[in-house]
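Peer 1: Got a structure here, written out as structure tokens. Questions coming.
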Protein chains: 2
Amino acid sequence: MNSDATTAATAALSDRLVQQLRFVRELDRLKSVLRRTSLADRSRRENSAEHSWHLATMALTLGEYAEPGTDLARAIELLLVHDVVEIDAGDTFAFDAAANADKAARETAAAERIFGLLPDDLARQFRARWDEFEAGETPESRFANALDRLQALVQNDAGGDGGTWRANGVTREAVLRRMEPIRNGAPALWPVVLAAVARATAAGHVREERGADGATGVTGA
Amino acid sequence: MNSDATTAATAALSDRLVQQLRFVRELDRLKSVLRRTSLADRSRRENSAEHSWHLATMALTLGEYAEPGTDLARAIELLLVHDVVEIDAGDTFAFDAAANADKAARETAAAERIFGLLPDDLARQFRARWDEFEAGETPESRFANALDRLQALVQNDAGGDGGTWRANGVTREAVLRRMEPIRNGAPALWPVVLAAVARATAAGHVREERGADGATGVTGA
């Protein structure tokens, strides 16, 4: 095939389809955004693309624990889209207060650019899904956010070494606060949190705070 | 928290939920199954978990090119599930005839074991999704299979180096045959294939067969 034929074949694509393909190529970059959490075998850190797949497939597996009436298909859409902004904004570690201070601004700018690659109607649809996830105000969003927290807990628990909790000296109370969206969005899964935190506490992988002065220590009680 | 409390917290989980969580942990292993295709920046090979996320998000992006009446939510379910069997069976390279000979048997055994971790009703549901994807007989399955092929093409095309096509000396005709599910399941996307193959042919990244004797060579015509 000569270059005239190449040009002709490319020209056959509509502007709309060219925009969609540009977005599809951009999505590939989420595979290079590393999270703090690791694979269960601790061979490497997890990336945000495979994390998003894990969450969406968890929604299929655990859908019965969502609030009655939750549209699981839309919850899955939220999960597929929820981390795309990290292509520009990076993953922000849950327990890093400084990085979380400007997280919203960084991610909003990222949403403008990345979803802006799409034709207007699709850009609005993707943006609406991301906004819905972030707001946490619908049953679908509450369930999606619950799974997002649960997956990190499962990854930390699965390795038997405390994962990011131990590595960062996180307290039991901080873990439970962080997991609060599970109690909110999928209360039937809250016992999973309590069991994992009990294991991690017993193993000394999360610190148990004692007293109101912020002093910490592992206690037997 | 003492070990009695740990035991009590774990015992609070139903057998059903314990099975579901075991499956959720098993899913993590798909992140370690490597495909032949690479990320667009060629920094590393792609794994089947992030590939599955890419496909599901492509379905959201390109859904308008599915056959009219296609249930996109179910197409996304098929895509989330379609590679889970690779946890046991591994990724089988499209152009490896020997490995493809026993692919079905390996993958069926994998489906039995992996989906069998789930409670029976969910095991049947996941197995049905995988069977539907493999059979390619519904609009949802045809669209899902089309995207599966398209994503490999996009990855090969994006790097500008011919990717697995060039690395394996694949012919133009073999690529077009491999992409046939796109013409079948999302014919409006077939021009994307023609454009990418035209680029790859012009660049010498796919071989152009000449004559009926199987001899190959790059031609200018």
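Identifiers in this document derive from the order of the structure tokens: chains are assigned A, B, ..., residues are numbered from 1 separately in each chain, and ligands are numbered from 1 in order of occurrence.
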List every residue of region 180-213 of chain A that DSSP, applied to the backbone of this structure, places in helix (DSSP H, G or I), and write the result as an MDAnalysis selection string.
Peer 2: chainID A and resid 180:185 187:202
Peer 1: Which residues are near Ala128 (chain A)? Cut-off 12 Å, only C-alpha atoms, ignore same chain within fewer than 2 positions. Put them as a list of chain:residue names.
Peer 2: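 Selected residues are A:Arg74, A:Glu77, A:Leu78, A:Val81, A:His82, A:Ala111, A:Glu112, A:Phe115, A:Asp121, A:Leu122, A:Ala123, A:Arg124, A:Gln125, A:Phe126, A:Trp130, A:Asp131, A:Glu132, A:Phe133, A:Glu134, A:Ala135, A:Ser141.
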Peer 1: Within 12 Å of Arg113 (chain A), counting only C-alpha atoms, which residues show up once you throw out same-chain ones fewer than 5 positions away? Write them as an mmCIF file with N, CA, C and O atoms, in the first residue's frame, please.
Peer 2:
data_model
loop_
_atom_site.group_PDB
_atom_site.id
_atom_site.type_symbol
_atom_site.label_atom_id
_atom_site.label_comp_id
_atom_site.auth_asym_id
_atom_site.auth_seq_id
_atom_site.Cartn_x
_atom_site.Cartn_y
_atom_site.Cartn_z
ATOM 1 N N PHE A 23 -8.836 9.692 22.801
ATOM 2 C CA PHE A 23 -9.149 9.425 24.211
ATOM 3 C C PHE A 23 -8.789 7.986 24.584
ATOM 4 O O PHE A 23 -8.203 7.733 25.645
ATOM 5 N N GLU A 26 -5.226 7.834 25.118
ATOM 6 C CA GLU A 26 -4.856 8.532 26.351
ATOM 7 C C GLU A 26 -5.088 7.646 27.574
ATOM 8 O O GLU A 26 -4.294 7.660 28.521
ATOM 9 N N VAL A 84 -9.481 8.174 36.162
ATOM 10 C CA VAL A 84 -8.884 8.630 34.895
ATOM 11 C C VAL A 84 -8.139 9.958 35.073
ATOM 12 O O VAL A 84 -7.095 10.186 34.449
ATOM 13 N N VAL A 85 -8.642 10.810 35.956
ATOM 14 C CA VAL A 85 -7.982 12.104 36.187
ATOM 15 C C VAL A 85 -6.550 11.938 36.698
ATOM 16 O O VAL A 85 -5.734 12.861 36.583
ATOM 17 N N GLU A 86 -6.246 10.771 37.248
ATOM 18 C CA GLU A 86 -4.888 10.554 37.779
ATOM 19 C C GLU A 86 -3.830 10.516 36.683
ATOM 20 O O GLU A 86 -2.641 10.591 36.974
ATOM 21 N N ILE A 87 -4.264 10.387 35.430
ATOM 22 C CA ILE A 87 -3.306 10.456 34.325
ATOM 23 C C ILE A 87 -2.509 11.758 34.421
ATOM 24 O O ILE A 87 -1.291 11.772 34.213
ATOM 25 N N ASP A 88 -3.194 12.843 34.763
ATOM 26 C CA ASP A 88 -2.498 14.123 34.972
ATOM 27 C C ASP A 88 -2.173 14.384 36.439
ATOM 28 O O ASP A 88 -1.102 14.898 36.762
ATOM 29 N N ALA A 89 -3.104 14.040 37.318
ATOM 30 C CA ALA A 89 -3.009 14.489 38.719
ATOM 31 C C ALA A 89 -2.236 13.520 39.603
ATOM 32 O O ALA A 89 -1.853 13.878 40.719
ATOM 33 N N ARG A 106 -6.113 19.923 41.416
ATOM 34 C CA ARG A 106 -5.338 19.183 40.412
ATOM 35 C C ARG A 106 -6.231 18.263 39.601
ATOM 36 O O ARG A 106 -6.090 18.150 38.376
ATOM 37 N N GLU A 107 -7.148 17.610 40.271
ATOM 38 C CA GLU A 107 -7.985 16.639 39.571
ATOM 39 C C GLU A 107 -9.029 17.324 38.689
ATOM 40 O O GLU A 107 -9.380 16.802 37.626
ATOM 41 N N THR A 108 -9.507 18.472 39.100
ATOM 42 C CA THR A 108 -10.483 19.189 38.266
ATOM 43 C C THR A 108 -9.826 19.656 36.965
ATOM 44 O O THR A 108 -10.412 19.533 35.875
ATOM 45 N N LEU A 118 -12.628 14.249 24.301
ATOM 46 C CA LEU A 118 -13.787 13.577 23.706
ATOM 47 C C LEU A 118 -14.707 14.575 23.004
ATOM 48 O O LEU A 118 -14.695 15.770 23.316
ATOM 49 N N ALA A 123 -17.815 13.950 26.483
ATOM 50 C CA ALA A 123 -17.055 14.649 27.524
ATOM 51 C C ALA A 123 -17.970 14.968 28.700
ATOM 52 O O ALA A 123 -17.604 14.768 29.870
ATOM 53 N N ARG A 127 -17.569 13.333 32.405
ATOM 54 C CA ARG A 127 -17.398 14.287 33.499
ATOM 55 C C ARG A 127 -18.492 14.106 34.550
ATOM 56 O O ARG A 127 -18.237 14.161 35.758
#
Peer 1: Between CA of Ile182 (chain A) and CA of Arg149 (chain A), what is the distance in Å, rounded to a tenth?
Peer 2: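 Those two atoms sit 6.9 Å apart.
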Peer 1: Could you pull the residues within 10 Å of Asn168 (chain B), counting only C-alpha atoms, minus those fewer than 3 positions along the same chain, as a list in words?
Peer 2: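 Neighbouring residues, sequence-local ones excluded: Phe95, Asp96, Gly162, Gly163, Thr164, Trp165, Thr171, His205 and Val206 of chain B.
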Peer 1: Produce a file of the selected residues containing all heavy atoms, as a compact mmCIF listing (two decimals), in the first residue's frame.
Peer 2:
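Contents of the output file result.txt:
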# COMPACT_ATOMS: atom_id res chain seq x y z
N PHE B 95 -1.17 -15.22 17.53
CA PHE B 95 -0.55 -15.77 16.33
C PHE B 95 0.28 -17.02 16.62
O PHE B 95 1.10 -17.43 15.82
CB PHE B 95 0.29 -14.67 15.64
CG PHE B 95 -0.55 -13.48 15.20
CD1 PHE B 95 -0.57 -12.32 15.94
CD2 PHE B 95 -1.34 -13.55 14.06
CE1 PHE B 95 -1.35 -11.22 15.54
CE2 PHE B 95 -2.12 -12.46 13.65
CZ PHE B 95 -2.13 -11.31 14.40
N ASP B 96 0.05 -17.63 17.81
CA ASP B 96 0.76 -18.86 18.19
C ASP B 96 -0.20 -20.05 18.00
O ASP B 96 -1.03 -20.36 18.85
CB ASP B 96 1.20 -18.75 19.66
CG ASP B 96 1.96 -19.99 20.15
OD1 ASP B 96 1.85 -21.06 19.50
OD2 ASP B 96 2.65 -19.89 21.17
N GLY B 162 5.10 -0.90 15.11
CA GLY B 162 4.53 -2.16 14.64
C GLY B 162 4.25 -3.17 15.75
O GLY B 162 3.63 -4.20 15.49
N GLY B 163 4.73 -2.88 16.95
CA GLY B 163 4.40 -3.72 18.12
C GLY B 163 4.58 -5.20 17.86
O GLY B 163 5.59 -5.63 17.30
N THR B 164 3.60 -6.00 18.28
CA THR B 164 3.71 -7.46 18.15
C THR B 164 3.65 -7.91 16.70
O THR B 164 4.11 -8.99 16.37
CB THR B 164 2.58 -8.19 18.93
OG1 THR B 164 1.31 -7.78 18.40
CG2 THR B 164 2.63 -7.86 20.41
N TRP B 165 3.07 -7.07 15.83
CA TRP B 165 3.03 -7.46 14.41
C TRP B 165 4.45 -7.55 13.86
O TRP B 165 4.85 -8.55 13.29
CB TRP B 165 2.24 -6.44 13.58
CG TRP B 165 0.81 -6.30 13.97
CD1 TRP B 165 0.01 -7.25 14.54
CD2 TRP B 165 -0.03 -5.14 13.80
NE1 TRP B 165 -1.25 -6.76 14.74
CE2 TRP B 165 -1.31 -5.47 14.29
CE3 TRP B 165 0.18 -3.85 13.27
CZ2 TRP B 165 -2.37 -4.55 14.27
CZ3 TRP B 165 -0.87 -2.94 13.26
CH2 TRP B 165 -2.13 -3.31 13.75
N THR B 171 1.90 -11.08 8.76
CA THR B 171 1.55 -10.50 7.46
C THR B 171 0.30 -9.63 7.57
O THR B 171 -0.52 -9.78 8.48
CB THR B 171 1.25 -11.60 6.42
OG1 THR B 171 0.08 -12.32 6.83
CG2 THR B 171 2.43 -12.56 6.27
N HIS B 205 5.97 -2.43 8.82
CA HIS B 205 5.82 -3.12 10.11
C HIS B 205 5.03 -4.41 10.00
O HIS B 205 5.10 -5.26 10.88
CB HIS B 205 5.15 -2.20 11.13
CG HIS B 205 5.97 -1.02 11.50
ND1 HIS B 205 5.43 0.18 11.91
CD2 HIS B 205 7.30 -0.83 11.49
CE1 HIS B 205 6.40 1.03 12.16
NE2 HIS B 205 7.55 0.45 11.90
N VAL B 206 4.21 -4.53 8.96
CA VAL B 206 3.61 -5.82 8.67
C VAL B 206 4.08 -6.23 7.27
O VAL B 206 4.28 -5.39 6.40
CB VAL B 206 2.06 -5.82 8.74
CG1 VAL B 206 1.59 -5.44 10.13
CG2 VAL B 206 1.46 -4.91 7.70
Peer 1: Which residues come within 9 Å of Asp83 (chain A), counting only C-alpha atoms, excluding same-chain residues fewer than 5 positions away, as a PyMOL selection string?
Peer 2: chain A and resi 30+48-49+52+91+130
Peer 1: Pick out each residue of chain B that DSSP on the backbone tags as strand (DSSP E or B); I need them as a list in words.
Peer 2: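 In chain B, DSSP puts these residues in strand (DSSP E or B): Leu34, Arg35, Arg36, Thr37, Ser38, Arg45, Glu46, Asn47, Thr171, Arg207, Glu209 and Thr216 of chain B.
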